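Novice: I am sharing work_11.csv, which consists of CSV, C-alpha atoms (C1' of nucleotides):
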chain,number,residue,atom,x,y,z
M,16,MET,CA,55.0,64.7,32.3
M,17,LEU,CA,54.0,61.1,32.4
M,18,ASN,CA,50.6,61.0,34.0
M,19,TYR,CA,51.8,58.6,36.5
M,20,GLY,CA,50.0,60.5,39.2
M,21,ALA,CA,46.7,60.3,37.4
M,22,PRO,CA,44.7,59.3,40.5
M,23,LEU,CA,45.9,62.4,42.2
M,24,ASP,CA,44.9,64.4,39.1
M,25,LEU,CA,41.4,63.2,39.4
M,26,ALA,CA,41.1,63.6,43.2
M,27,PHE,CA,42.4,67.2,43.2
M,28,GLN,CA,40.4,68.1,40.1
M,29,ALA,CA,37.3,66.7,41.9
M,30,LEU,CA,38.0,68.8,45.0
M,31,ALA,CA,38.6,72.0,43.0
M,32,ASP,CA,34.9,72.6,42.6
M,33,PRO,CA,32.9,74.1,45.4
M,34,THR,CA,29.7,72.2,44.6
M,35,ARG,CA,31.6,68.9,44.7
M,36,ARG,CA,33.4,69.9,48.0
M,37,ALA,CA,29.9,70.6,49.4
M,38,MET,CA,28.8,67.2,48.3
M,39,VAL,CA,31.8,65.7,50.1
M,40,GLU,CA,31.1,67.7,53.2
M,41,ARG,CA,27.6,66.3,53.2
M,42,LEU,CA,28.8,62.8,52.7
M,43,VAL,CA,31.3,62.8,55.6
M,44,LYS,CA,28.2,63.2,57.8
M,45,GLY,CA,26.9,59.9,56.4
M,46,PRO,CA,25.7,58.2,53.2
M,47,ALA,CA,23.0,60.0,51.2
M,48,SER,CA,20.8,59.3,48.1
M,49,VAL,CA,21.2,61.4,44.9
M,50,SER,CA,18.1,63.4,45.8
M,51,GLU,CA,19.4,64.1,49.3
M,52,LEU,CA,22.7,65.3,47.7
M,53,LYS,CA,20.8,67.4,45.3
M,54,ALA,CA,18.5,69.0,47.8
M,55,PRO,CA,20.7,72.0,49.0
M,56,ILE,CA,22.2,72.6,45.5
M,57,PRO,CA,20.5,75.2,43.3
M,58,MET,CA,21.2,73.2,40.1
M,59,SER,CA,19.5,70.8,37.8
M,60,LEU,CA,19.6,67.1,38.7
M,61,PRO,CA,21.7,66.1,35.7
M,62,ALA,CA,24.3,68.7,36.7
M,63,VAL,CA,24.4,67.2,40.2
M,64,MET,CA,24.7,63.7,38.7
M,65,GLN,CA,27.6,64.9,36.5
M,66,HIS,CA,29.4,66.2,39.6
M,67,LEU,CA,28.7,62.9,41.3
M,68,ALA,CA,30.2,61.1,38.3
M,69,VAL,CA,33.4,63.2,38.7
M,70,LEU,CA,33.6,62.3,42.4
M,71,GLU,CA,33.1,58.7,41.6
M,72,THR,CA,35.7,58.4,38.8
M,73,SER,CA,38.1,60.2,41.2
M,74,GLY,CA,37.4,57.4,43.7
M,75,LEU,CA,36.5,59.9,46.4
M,76,VAL,CA,32.9,58.7,46.4
M,77,VAL,CA,31.4,55.3,45.9
M,78,SER,CA,27.7,54.4,45.4
M,79,GLN,CA,25.4,51.5,44.9
M,80,LYS,CA,21.9,51.3,43.6
M,81,SER,CA,19.2,49.4,45.4
M,82,GLY,CA,15.8,49.5,43.9
M,83,ARG,CA,15.4,53.0,42.5
M,84,VAL,CA,17.6,54.8,44.9
M,85,ARG,CA,21.4,55.2,44.6
M,86,THR,CA,23.2,55.5,47.9
M,87,CYS,CA,26.5,57.4,47.9
M,88,SER,CA,29.2,57.4,50.5
M,89,ILE,CA,32.7,58.7,51.0
M,90,ASN,CA,35.7,56.6,50.2
M,91,PRO,CA,38.1,57.7,52.9
M,92,ALA,CA,41.1,56.0,51.3
M,93,ALA,CA,41.0,58.3,48.3
M,94,LEU,CA,40.7,61.3,50.6
M,95,ALA,CA,43.7,60.1,52.6
M,96,GLU,CA,45.8,59.7,49.4
M,97,ALA,CA,45.3,63.3,48.4
M,98,GLU,CA,45.9,64.4,52.0
M,99,ARG,CA,49.1,62.3,52.1
M,100,TRP,CA,50.6,64.0,49.0
M,101,ILE,CA,50.2,67.4,50.5
M,102,THR,CA,51.4,66.3,53.9
M,103,GLU,CA,54.6,64.8,52.5
M,104,ARG,CA,55.4,68.0,50.6
M,105,ARG,CA,54.8,70.1,53.6
M,106,LEU,CA,57.0,67.8,55.7
M,107,GLU,CA,59.8,67.9,53.2
M,108,TRP,CA,59.7,71.6,53.2
M,109,GLU,CA,59.8,71.7,57.0
M,110,ARG,CA,62.7,69.3,57.1
M,111,ARG,CA,64.6,71.5,54.7
M,112,LEU,CA,63.9,74.5,56.8
M,113,ASP,CA,65.2,72.7,59.9
M,114,ARG,CA,68.4,71.7,58.1
M,115,LEU,CA,68.8,75.3,56.9
M,116,GLY,CA,68.3,76.5,60.5
M,117,GLU,CA,71.0,74.1,61.8
M,118,TYR,CA,73.4,75.3,59.0
M,119,LEU,CA,72.7,79.0,59.8
M,120,LYS,CA,73.3,78.4,63.5
M,121,THR,CA,76.7,76.7,62.6
M,122,LEU,CA,77.7,79.6,60.5
M,123,GLU,CA,76.7,82.0,63.3
M,124,SER,CA,78.9,80.3,65.9
M,125,GLU,CA,81.8,80.0,63.5
M,126,GLY,CA,81.4,83.7,62.8
M,127,LYS,CA,81.6,84.4,66.5
M,128,SER,CA,84.9,82.4,66.9
M,129,ASP,CA,86.2,84.2,63.8
M,130,GLU,CA,85.6,87.5,65.5
M,131,HIS,CA,87.7,86.2,68.5
M,132,ASP,CA,90.4,85.0,66.2
M,133,ARG,CA,90.7,88.4,64.6
O,15,MET,CA,27.0,77.4,45.3
O,16,LEU,CA,28.5,80.7,46.5
O,17,ASN,CA,32.2,80.6,45.7
O,18,TYR,CA,33.0,81.3,49.3
O,19,GLY,CA,35.8,78.7,49.2
O,20,ALA,CA,37.4,80.3,46.2
O,21,PRO,CA,41.0,80.1,47.6
O,22,LEU,CA,40.5,76.3,48.0
O,23,ASP,CA,39.2,76.1,44.4
O,24,LEU,CA,42.4,77.7,43.2
O,25,ALA,CA,44.7,75.5,45.3
O,26,PHE,CA,43.1,72.2,44.4
O,27,GLN,CA,42.8,73.3,40.8
O,28,ALA,CA,46.5,74.1,40.8
O,29,LEU,CA,47.4,70.7,42.3
O,30,ALA,CA,45.2,68.8,39.8
O,31,ASP,CA,47.9,69.1,37.1
O,32,PRO,CA,50.9,66.7,37.2
O,33,THR,CA,53.2,69.3,35.7
O,34,ARG,CA,52.3,71.8,38.4
O,35,ARG,CA,52.6,69.1,41.1
O,36,ALA,CA,56.1,68.3,39.8
O,37,MET,CA,57.0,72.0,40.0
O,38,VAL,CA,55.8,72.0,43.6
O,39,GLU,CA,57.8,68.9,44.3
O,40,ARG,CA,60.9,70.7,43.0
O,41,LEU,CA,60.2,73.8,45.0
O,42,VAL,CA,59.8,72.0,48.4
O,43,LYS,CA,63.5,71.1,47.9
O,44,GLY,CA,64.3,74.8,47.8
O,45,PRO,CA,63.8,78.0,45.7
O,46,ALA,CA,64.4,77.9,42.0
O,47,SER,CA,64.5,80.2,39.0
O,48,VAL,CA,62.0,79.8,36.2
O,49,SER,CA,64.7,78.2,34.0
O,50,GLU,CA,65.5,75.7,36.7
O,51,LEU,CA,61.8,74.9,37.0
O,52,LYS,CA,61.6,74.5,33.3
O,53,ALA,CA,64.6,72.3,32.9
O,54,PRO,CA,63.0,68.8,33.5
O,55,ILE,CA,59.8,69.7,31.8
O,56,PRO,CA,59.4,68.8,28.1
O,57,MET,CA,57.3,71.8,27.3
O,58,SER,CA,57.8,75.3,25.9
O,59,LEU,CA,58.9,78.0,28.3
O,60,PRO,CA,55.6,80.0,28.0
O,61,ALA,CA,53.7,76.9,29.0
O,62,VAL,CA,55.8,76.5,32.1
O,63,MET,CA,55.2,80.2,32.9
O,64,GLN,CA,51.5,79.7,32.5
O,65,HIS,CA,51.7,76.8,35.0
O,66,LEU,CA,53.7,79.0,37.3
O,67,ALA,CA,51.1,81.8,37.0
O,68,VAL,CA,48.4,79.3,38.1
O,69,LEU,CA,50.5,78.3,41.1
O,70,GLU,CA,51.1,81.9,42.0
O,71,THR,CA,47.4,83.0,41.8
O,72,SER,CA,46.5,79.9,43.9
O,73,GLY,CA,49.0,81.3,46.5
O,74,LEU,CA,50.9,78.0,46.6
O,75,VAL,CA,54.0,79.6,45.1
O,76,VAL,CA,55.5,83.1,45.5
O,77,SER,CA,58.2,84.6,43.5
O,78,GLN,CA,60.3,87.8,43.2
O,79,LYS,CA,62.4,89.1,40.4
O,80,SER,CA,65.9,90.3,40.9
O,81,GLY,CA,67.8,91.4,37.9
O,82,ARG,CA,66.7,89.2,35.0
O,83,VAL,CA,66.0,86.1,37.1
O,84,ARG,CA,62.7,85.3,38.9
O,85,THR,CA,63.2,83.2,42.0
O,86,CYS,CA,60.2,81.0,43.0
O,87,SER,CA,59.5,79.4,46.3
O,88,ILE,CA,56.8,77.5,48.1
O,89,ASN,CA,54.2,79.2,50.3
O,90,PRO,CA,53.7,76.5,52.9
O,91,ALA,CA,50.6,78.4,54.4
O,92,ALA,CA,48.6,77.8,51.2
O,93,LEU,CA,49.7,74.1,51.1
O,94,ALA,CA,48.6,73.8,54.8
O,95,GLU,CA,45.2,75.3,54.1
O,96,ALA,CA,44.4,72.7,51.4
O,97,GLU,CA,45.7,70.0,53.6
O,98,ARG,CA,43.5,71.2,56.5
O,99,TRP,CA,40.3,71.0,54.5
O,100,ILE,CA,41.0,67.3,53.6
O,101,THR,CA,42.1,66.5,57.1
O,102,GLU,CA,39.0,68.0,58.7
O,103,ARG,CA,36.7,66.0,56.4
O,104,ARG,CA,38.6,62.8,57.1
O,105,LEU,CA,38.4,63.4,60.9
O,106,GLU,CA,34.7,64.2,60.7
O,107,TRP,CA,34.2,60.9,58.9
O,108,GLU,CA,36.3,59.0,61.5
O,109,ARG,CA,34.4,60.6,64.4
O,110,ARG,CA,31.2,59.5,62.8
O,111,LEU,CA,32.4,56.0,62.4
O,112,ASP,CA,33.4,56.0,66.1
O,113,ARG,CA,30.0,57.1,67.2
O,114,LEU,CA,28.5,54.4,64.9
O,115,GLY,CA,30.7,51.8,66.5
O,116,GLU,CA,29.6,52.9,70.0
O,117,TYR,CA,26.0,52.7,68.9
O,118,LEU,CA,26.4,49.3,67.4
O,119,LYS,CA,28.1,48.0,70.5
O,120,THR,CA,25.2,49.4,72.6
O,121,LEU,CA,22.7,47.7,70.4
O,122,GLU,CA,24.6,44.4,70.6
O,123,SER,CA,24.7,44.3,74.4
O,124,GLU,CA,21.1,45.3,74.6
O,125,GLY,CA,20.3,42.5,72.1
O,126,LYS,CA,22.1,40.1,74.4
O,127,SER,CA,20.0,41.2,77.4
O,128,ASP,CA,16.9,40.9,75.3
O,129,GLU,CA,17.8,37.3,74.5
O,130,HIS,CA,18.0,36.7,78.3
O,131,ASP,CA,14.7,38.5,78.8
O,132,ARG,CA,13.0,36.3,76.3
Z,13,DG,C1',77.9,98.4,22.6
Z,14,DC,C1',76.4,93.9,21.6
Z,15,DG,C1',75.3,89.2,21.7
Z,16,DA,C1',73.5,85.9,24.8
Z,17,DT,C1',70.5,85.0,28.6
Z,18,DA,C1',66.1,85.0,31.1
Z,19,DC,C1',62.0,85.9,31.0
Z,20,DT,C1',57.3,88.2,29.2
Z,21,DA,C1',53.3,89.1,26.3
Z,22,DA,C1',50.0,88.1,22.7
Z,23,DA,C1',47.5,85.5,19.6
Z,24,DG,C1',45.4,81.4,18.2
Z,25,DC,C1',43.9,76.7,18.4
Z,26,DT,C1',41.9,72.4,20.4
Z,27,DC,C1',39.9,69.8,24.0
Z,28,DT,C1',37.5,69.8,28.4
Z,29,DT,C1',34.2,71.5,31.9
Z,30,DG,C1',30.0,72.8,33.7
Z,31,DC,C1',26.0,73.7,32.9
Z,32,DT,C1',21.2,73.5,30.4
Z,33,DT,C1',16.7,71.3,28.5
Z,34,DA,C1',14.4,67.5,26.8
Z,35,DT,C1',13.4,62.7,26.9
Z,36,DC,C1',13.5,58.1,28.6
Z,37,DT,C1',13.6,54.0,32.0
Z,38,DA,C1',13.0,51.7,35.9
Z,39,DT,C1',10.7,51.0,40.7
Z,40,DC,C1',7.3,51.9,44.2
Z,41,DC,C1',2.8,52.1,46.0
Z,42,DG,C1',-2.3,52.6,46.4
R,29,DC,C1',-2.8,48.9,36.3
R,30,DG,C1',-1.3,53.7,36.6
R,31,DG,C1',0.6,57.7,38.5
R,32,DA,C1',4.3,59.5,41.2
R,33,DT,C1',9.1,59.0,42.4
R,34,DA,C1',14.2,58.4,41.6
R,35,DG,C1',17.4,58.4,38.6
R,36,DA,C1',19.8,58.0,33.7
R,37,DT,C1',21.0,59.4,29.0
R,38,DA,C1',21.7,62.6,25.3
R,39,DA,C1',22.5,66.7,22.8
R,40,DG,C1',24.0,71.3,22.7
R,41,DC,C1',26.5,75.3,24.1
R,42,DA,C1',29.5,79.0,26.4
R,43,DA,C1',33.5,79.5,28.9
R,44,DG,C1',38.0,78.0,30.4
R,45,DA,C1',42.3,75.2,30.4
R,46,DG,C1',46.5,73.9,28.3
R,47,DC,C1',49.2,74.1,25.0
R,48,DT,C1',51.7,76.2,20.7
R,49,DT,C1',54.4,79.8,17.8
R,50,DT,C1',55.9,84.3,17.3
R,51,DA,C1',57.6,88.4,18.8
R,52,DG,C1',58.9,91.2,22.2
R,53,DT,C1',61.8,93.6,26.6
R,54,DA,C1',65.1,93.8,30.1
R,55,DT,C1',69.6,92.5,32.2
R,56,DC,C1',74.3,90.4,32.2
R,57,DG,C1',79.1,89.9,30.8
R,58,DC,C1',82.8,90.6,27.6
How does the structure come out when it is put into structure tokens?
Specialist:
Amino acid sequence: MLNYGAPLDLAFQALADPTRRAMVERLVKGPASVSELKAPIPMSLPAVMQHLAVLETSGLVVSQKSGRVRTCSINPAALAEAERWITERRLEWERRLDRLGEYLKTLESEGKSDEHDR
Amino acid sequence: MLNYGAPLDLAFQALADPTRRAMVERLVKGPASVSELKAPIPMSLPAVMQHLAVLETSGLVVSQKSGRVRTCSINPAALAEAERWITERRLEWERRLDRLGEYLKTLESEGKSDEHDR
DNA sequence: GCGATACTAAAGCTCTTGCTTATCTATCCG
DNA sequence: CGGATAGATAAGCAAGAGCTTTAGTATCGC
């Protein structure tokens, strides 16, 4: 499986951890420093920074350092890309169900005329 | 971090692998047997079955065995749940940007009247 | 019945993840 | 300057993910 979809790998992998999802949930409310991100998380600071690194290499989060504080924010584009993959699959599934419904309706009405023909 | 969101953990984890995403992409086109799922994948059959197991425990895929063939299909509900989490975060981010825009517009017009007041 | 088909189960191996503690480097401020 | 703050880096470790090969167990069709 050519890892053609590597960006999606990273995004979904990043979202697969509850701590990282909590960090994303915090960041959608607005940018935050590393300490602010760490605050509600019962974990060592290096652990939080490692989660942050995963979020950054996935592209879901960007950050910049100013003085001694690093400010993190959401990158909505990466979030949208992951969303888009799922949405497209769901839509494809629904389109297929629609076609199947049409087909079954056709079969049913043909069945009815068959009954008359008999 | 209480693993309160465990179902999402499993769904995103499942989607983080390109082989598994390829299997999902196949299944949105309609149900398939294990062998049909394996066909395009250059991997041993047990490996494919392990991927399938991940997809099943995540709830993204369901399957039933009839005779000697197991037929797999998508569970759109699980797909929709993962989609929903992302969508809600993106929407929250956008609502925040809107509020910020309003606020900045307010500041700007107040700034203009300040200039007049000066 | 018997060979081929379609999966299933188990063991083992390597690489990655998700933490930890300990140590170190910058910046800020009184 | 010097102590407190904010973050970075490194090493180490237990558990899990993602394969493999090997060896099964049911069905199906002649």
Novice: State, in Å with one decimal place, the distance from atom CA of Arg109 of chain O to atom CA of Ile56 of chain M.
Specialist: 25.5 Å
Novice: Fit chain O to chain M: least squares, all C-alpha atoms, paired in order; write the output as a short mmCIF file (atom, residue, chain, number, x, y, z; two decimals) with C-alpha atoms, keeping the file's coordinate frame.
Specialist:
data_model
loop_
_atom_site.label_atom_id
_atom_site.label_comp_id
_atom_site.auth_asym_id
_atom_site.auth_seq_id
_atom_site.Cartn_x
_atom_site.Cartn_y
_atom_site.Cartn_z
CA MET O 15 55.04 64.91 32.17
CA LEU O 16 53.99 61.24 32.28
CA ASN O 17 50.58 61.10 33.91
CA TYR O 18 51.89 58.67 36.45
CA GLY O 19 49.99 60.51 39.21
CA ALA O 20 46.73 60.28 37.36
CA PRO O 21 44.68 59.20 40.46
CA LEU O 22 45.91 62.39 42.23
CA ASP O 23 44.92 64.47 39.17
CA LEU O 24 41.41 63.12 39.44
CA ALA O 25 41.12 63.67 43.20
CA PHE O 26 42.41 67.22 43.24
CA GLN O 27 40.41 68.00 40.13
CA ALA O 28 37.31 66.71 41.87
CA LEU O 29 37.99 68.80 45.00
CA ALA O 30 38.63 71.98 42.96
CA ASP O 31 34.86 72.55 42.55
CA PRO O 32 32.89 74.10 45.46
CA THR O 33 29.77 72.17 44.55
CA ARG O 34 31.64 68.88 44.67
CA ARG O 35 33.38 69.90 47.92
CA ALA O 36 29.95 70.64 49.43
CA MET O 37 28.75 67.19 48.33
CA VAL O 38 31.78 65.69 50.06
CA GLU O 39 31.07 67.72 53.14
CA ARG O 40 27.54 66.27 53.19
CA LEU O 41 28.76 62.75 52.67
CA VAL O 42 31.32 62.78 55.57
CA LYS O 43 28.20 63.19 57.78
CA GLY O 44 26.91 59.90 56.42
CA PRO O 45 25.60 58.19 53.22
CA ALA O 46 23.01 59.92 51.13
CA SER O 47 20.84 59.32 48.09
CA VAL O 48 21.31 61.39 44.97
CA SER O 49 18.13 63.37 45.79
CA GLU O 50 19.44 64.14 49.24
CA LEU O 51 22.71 65.30 47.70
CA LYS O 52 20.81 67.42 45.29
CA ALA O 53 18.52 69.02 47.78
CA PRO O 54 20.71 72.04 48.92
CA ILE O 55 22.17 72.58 45.52
CA PRO O 56 20.51 75.17 43.23
CA MET O 57 21.26 73.28 40.08
CA SER O 58 19.50 70.82 37.78
CA LEU O 59 19.56 67.17 38.74
CA PRO O 60 21.72 66.12 35.71
CA ALA O 61 24.31 68.65 36.75
CA VAL O 62 24.47 67.19 40.22
CA MET O 63 24.82 63.71 38.67
CA GLN O 64 27.64 64.93 36.52
CA HIS O 65 29.38 66.24 39.68
CA LEU O 66 28.74 62.92 41.33
CA ALA O 67 30.21 61.06 38.32
CA VAL O 68 33.41 63.15 38.69
CA LEU O 69 33.60 62.27 42.38
CA GLU O 70 33.06 58.62 41.63
CA THR O 71 35.74 58.37 38.86
CA SER O 72 38.17 60.22 41.22
CA GLY O 73 37.42 57.37 43.73
CA LEU O 74 36.48 59.88 46.44
CA VAL O 75 32.87 58.69 46.45
CA VAL O 76 31.34 55.22 45.93
CA SER O 77 27.78 54.42 45.43
CA GLN O 78 25.42 51.44 44.92
CA LYS O 79 21.91 51.29 43.63
CA SER O 80 19.20 49.44 45.40
CA GLY O 81 15.78 49.58 43.96
CA ARG O 82 15.35 53.03 42.42
CA VAL O 83 17.61 54.85 44.89
CA ARG O 84 21.42 55.24 44.59
CA THR O 85 23.13 55.52 47.94
CA CYS O 86 26.47 57.45 47.93
CA SER O 87 29.17 57.40 50.50
CA ILE O 88 32.68 58.64 51.06
CA ASN O 89 35.76 56.56 50.25
CA PRO O 90 38.08 57.76 52.98
CA ALA O 91 41.13 55.91 51.31
CA ALA O 92 41.00 58.26 48.31
CA LEU O 93 40.65 61.34 50.61
CA ALA O 94 43.70 60.04 52.61
CA GLU O 95 45.79 59.62 49.48
CA ALA O 96 45.30 63.28 48.44
CA GLU O 97 45.95 64.37 51.93
CA ARG O 98 49.19 62.33 52.06
CA TRP O 99 50.65 63.97 48.98
CA ILE O 100 50.16 67.48 50.52
CA THR O 101 51.41 66.35 53.87
CA GLU O 102 54.58 64.80 52.47
CA ARG O 103 55.43 68.00 50.55
CA ARG O 104 54.81 70.13 53.62
CA LEU O 105 57.05 67.86 55.77
CA GLU O 106 59.78 67.86 53.14
CA TRP O 107 59.68 71.65 53.20
CA GLU O 108 59.79 71.73 57.04
CA ARG O 109 62.72 69.29 57.15
CA ARG O 110 64.55 71.52 54.76
CA LEU O 111 63.92 74.55 56.83
CA ASP O 112 65.23 72.65 59.88
CA ARG O 113 68.42 71.73 58.16
CA LEU O 114 68.74 75.40 57.03
CA GLY O 115 68.30 76.54 60.59
CA GLU O 116 71.02 74.12 61.79
CA TYR O 117 73.31 75.40 59.08
CA LEU O 118 72.67 78.99 59.91
CA LYS O 119 73.29 78.38 63.58
CA THR O 120 76.60 76.66 62.67
CA LEU O 121 77.62 79.57 60.56
CA GLU O 122 76.73 82.03 63.34
CA SER O 123 78.85 80.31 65.99
CA GLU O 124 81.70 79.94 63.59
CA GLY O 125 81.35 83.68 62.78
CA LYS O 126 81.61 84.38 66.48
CA SER O 127 84.84 82.36 66.78
CA ASP O 128 86.18 84.11 63.74
CA GLU O 129 85.57 87.47 65.41
CA HIS O 130 87.68 86.17 68.36
CA ASP O 131 90.33 84.91 65.96
CA ARG O 132 90.62 88.27 64.34
#
Novice: Compile a residue-level contact table for chain R against chain O at a cut-off of 8 Å, reporting for every qualifying residue the shortest atom pair and its distance in Å to one decimal, with all atoms listed in the file counted, rows ordered by chain and ascending number, as a Markdown table.
Specialist:
| residue | atom | partner | partner_atom | distance |
| --- | --- | --- | --- | --- |
| R:DG46 | C1' | O:Ala61 | CA | 7.8 |
| R:DC47 | C1' | O:Ala61 | CA | 6.6 |
| R:DA54 | C1' | O:Arg82 | CA | 6.9 |
| R:DT55 | C1' | O:Arg82 | CA | 5.2 |
Novice: Can you write out the residues you just picked, keeping C-alpha atoms (C1' of nucleotides), as a short mmCIF file (atom, residue, chain, number, x, y, z; two decimals), in the frame of the given file?
Specialist:
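Saved file again04.cif follows:
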data_model
loop_
_atom_site.label_atom_id
_atom_site.label_comp_id
_atom_site.auth_asym_id
_atom_site.auth_seq_id
_atom_site.Cartn_x
_atom_site.Cartn_y
_atom_site.Cartn_z
"C1'" DG R 46 46.50 73.90 28.30
"C1'" DC R 47 49.20 74.10 25.00
"C1'" DA R 54 65.10 93.80 30.10
"C1'" DT R 55 69.60 92.50 32.20
#
Novice: List the neighbours of Ala26 of chain M out to 7 Å using all atoms listed in the file; skip same-chain residues closer than 5 positions along the sequence, and give me the result as a PDB file with C-alpha atoms, in the coordinates of the input.
Specialist:
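Wrote it out as part-v3.pdb, contents follow:
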ATOM      1  CA  SER M  73      38.100  60.200  41.200  1.00  0.00           C
ATOM      2  CA  LEU M  75      36.500  59.900  46.400  1.00  0.00           C
ATOM      3  CA  ALA M  97      45.300  63.300  48.400  1.00  0.00           C
TER       4      ALA M  97
END
Novice: Taking only C-alpha atoms into account, name the residue in M:Arg99, M:Leu115, M:Leu52, M:Gln28 that is nearest to Glu40 of chain M.
Specialist: M:Leu52
Novice: What gap, in Å, lies between atom CA of Gly45 of chain M and atom CA of Arg105 of chain M?
Specialist: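 Computed distance, atom CA of Gly45 of chain M to atom CA of Arg105 of chain M, equals 29.8 Å.
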Novice: Around (13.4, 48.5, 32.3) in the file's frame, which residues reach within 12 Å when counting only C-alpha atoms (C1' of nucleotides)? Return as an MDAnalysis selection string?
Specialist: (chainID M and resid 82:83) or (chainID Z and resid 36:39) or (chainID R and resid 36)
Novice: Quick check: residues of chain M within 7 Å of chain O, only C-alpha atoms, returned as a list in words.
Specialist: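 Here is what falls inside 7 Å: Met16, Asn18, Gly20, Leu23, Asp24, Leu25, Phe27, Gln28, Leu30, Ala31, Asp32, Pro33, Thr34, Glu40, Val43, Lys44, Ile56, Pro91, Leu94, Glu98, Ile101, Thr102, Arg104, Arg105, Glu107, Trp108 and Arg111 of chain M.
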Novice: Kindly provide, as a ChimeraX atom specification, the polymer residues lying within 12 Å of (53.8, 76.0, 13.6), counting only C-alpha atoms (C1' of nucleotides) and using the coordinates exactly as they appear in the file.
Specialist: /Z:24-25 /R:48-50
Novice: Once you count all atoms listed in the file, what closest atom pair and distance in Å to one decimal does each residue of chain Z within 12 Å of chain O have, with rows by chain and rising residue number, as CSV?
Specialist:
residue,atom,partner,partner_atom,distance
Z:DT17,C1',O:Arg82,CA,8.5
Z:DA18,C1',O:Arg82,CA,5.8
Z:DC19,C1',O:Arg82,CA,7.0
Z:DT20,C1',O:Pro60,CA,8.5
Z:DA21,C1',O:Pro60,CA,9.5
Z:DA22,C1',O:Pro60,CA,11.2
Novice: Do you know which residues are at most 7 Å from Ser78 of chain M counting only C-alpha atoms (C1' of nucleotides), after dropping those on the same chain fewer than 6 positions away, and could you put them as a list in words?
Specialist: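 Residues near the query, excluding close chain neighbours: Arg85, Thr86, Cys87 and Ser88 of chain M.
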Novice: Just how far from atom CA of Pro45 of chain O is atom CA of Thr121 of chain M, in Å to one decimal?
Specialist: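 Between atom CA of Thr121 of chain M and atom CA of Pro45 of chain O the gap is 21.3 Å.
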